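To start, the structure itself, in structure tokens.
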Amino acid sequence: MKKTKHLAVFASGTGSNFDAIQQAIEEGALDSDITLVVSDVPTSAVIDKAKQKGLKTFVFNPQSYPNKRAFEIEIVEALQRADADYIILAGYMRLIGATLLHAYEGKIVNIHPSLLPSFKGLDAIGQAFDAGVKITGVTIHYVDEGMDTGRIIAQEAVKVEDTYGRDDLQRAIQAVEHRLYPTTIQTLLKQ
Ligand code: GRF
């Protein structure tokens with residue numbers, strides 16, 4: 001029998017995508033489990049949520065390490081202890097370095113709130129809104145050494161209605177994210 005693949009979710013903030021993934025697991029729509037939640041922000045809401053669910057966490061303060069390699073070595077050790085197979089980035093606000101990329105080659109996935117390659121980087125929703133585009137969306141992609149440059153796995157368009165303010169657009173995008181991320185992960189795990 002095939003082993004169930006374990007997920008490690010990396011997040012720095014609110015964790016609404018973490019919630020969506022966890023909920024899909026609880027409902028049986030995603031055939032996996034979250035064996036570790038990693039955060040570079042000790043006070044992040046996602047860590048409170050993970051603890052409430054009784055999940056293992058690895059929280060670190062990047063400023064306590066001399067460089068990225070030093071904290072990524074510890075992350076890899078925590079991932080191995082947790083038997084994690086995939087790294088799911090869900091609002092993790094740092095570029096992944098060589099140490100993690102080599103340890104989890106082809107197994108790191110990110111969600112980005114635009115139709116890449118448009119609007120890479122920070123505040124993609126604000127960038128799209130300010131540019132006045134009529135269509136934006138959500139991209140799920142593999143992670144490489146660049147910022148939002150890895151191979152695209154799935155995309156879904158979101159129409160920017162004329163009545164939308166920036167917050168309306170954010171709500172519309174996040175609604176798509178919360179559906180698309182769990183279903184895309186499920187498809188990946190079955191490959
Ligand atoms: C999401 O919009 C995701 O696309 C981006 O960061 C945001 C994280 O939101 N990478 P949340 O913490 O999951 O609510």
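Naming scheme: A, B, ... for chains in displayed order of the structure tokens; residues 1 onward per chain; ligands 1 onward as shown.
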
Give me, as a tab-separated table, each residue of stretch 59-121 of chain A that comes within 12 Å of stretch 18-23 of chain A, together with its shortest interatomic pair and the distance in Å at one decimal, counting only C-alpha atoms, with rows ordered by chain and rising residue number.
residue	atom	partner	partner_atom	distance
A:Ile88	CA	A:Phe18	CA	9.1
A:Leu89	CA	A:Phe18	CA	9.2
A:Ala90	CA	A:Phe18	CA	6.6
A:Gly91	CA	A:Phe18	CA	9.1
A:Tyr92	CA	A:Phe18	CA	11.0
A:Ile111	CA	A:Phe18	CA	11.4

Would you name the residues within 10 Å of ligand 1, counting only C-alpha atoms and all ligand atoms, and put them as a PyMOL selection string? chain A and resi 10-21+44-46+89-93+110-114+121-125+137-140+148+170-171+173-178+181

Using only C-alpha atoms for the distances, tell me which of A:Val38, A:Ala78, A:Leu188, A:Val143 is nearest to A:Gly106. A:Val143

Counting only C-alpha atoms, which residue out of A:Thr35, A:Asn61, A:Thr99, A:Thr149 sits closest to A:Asp83? A:Thr35

With a distance cut-off of 12 Å and only C-alpha atoms, select the neighbouring residues of A:Asp85, excluding the residue or stretch itself and same-chain residues fewer than 2 positions from it, and output the selection as a list in words.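 Within the cut-off, the hits are Lys3, Thr4, Lys5, His6, Leu7, Ala8, Val9, Ser32, Asp33, Ile34, Thr35, Leu36, Val76, Leu79, Gln80, Arg81, Ala82, Asp83, Ile87, Ile88, Ala103, Tyr104, Glu105, Gly106, Lys107, Ile108, Val109, Leu188 and Leu189 of chain A.
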
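Nearest-residue note for A:Ala70: choosing from A:Asp144, A:Arg166, A:Ala50, A:Ala98, the minimum distance belongs to A:Ala98, counting only C-alpha atoms.
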
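For the atom pair formed by atom CA of A:Thr136 and atom CA of A:Pro117, the distance is 11.0 Å, given to one decimal.
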
Would you list, as number ranges by chain, the residues of stretch 4-179 of chain A that end up in helix (DSSP H, G or I) under DSSP run on this structure's backbone? A: 16-26, 45-52, 62-64, 68-81, 98-103, 124-131, 166-179

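Interatomic distance, atom CA of A:Ile153 to atom CA of A:Gly165: 28.7 Å.
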
Using only C-alpha atoms, determine which residues lie at most 8 Å from A:Pro42, disregarding the query and same-chain residues fewer than 2 positions distant; provide the list as a PyMOL selection string. chain A and resi 39-40+44+47+59-61

How many Å lie between atom CA of A:Ile73 and atom CA of A:Leu100, rounded to one decimal?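 Atom CA of A:Leu100 lies at a distance of 7.7 Å from atom CA of A:Ile73.
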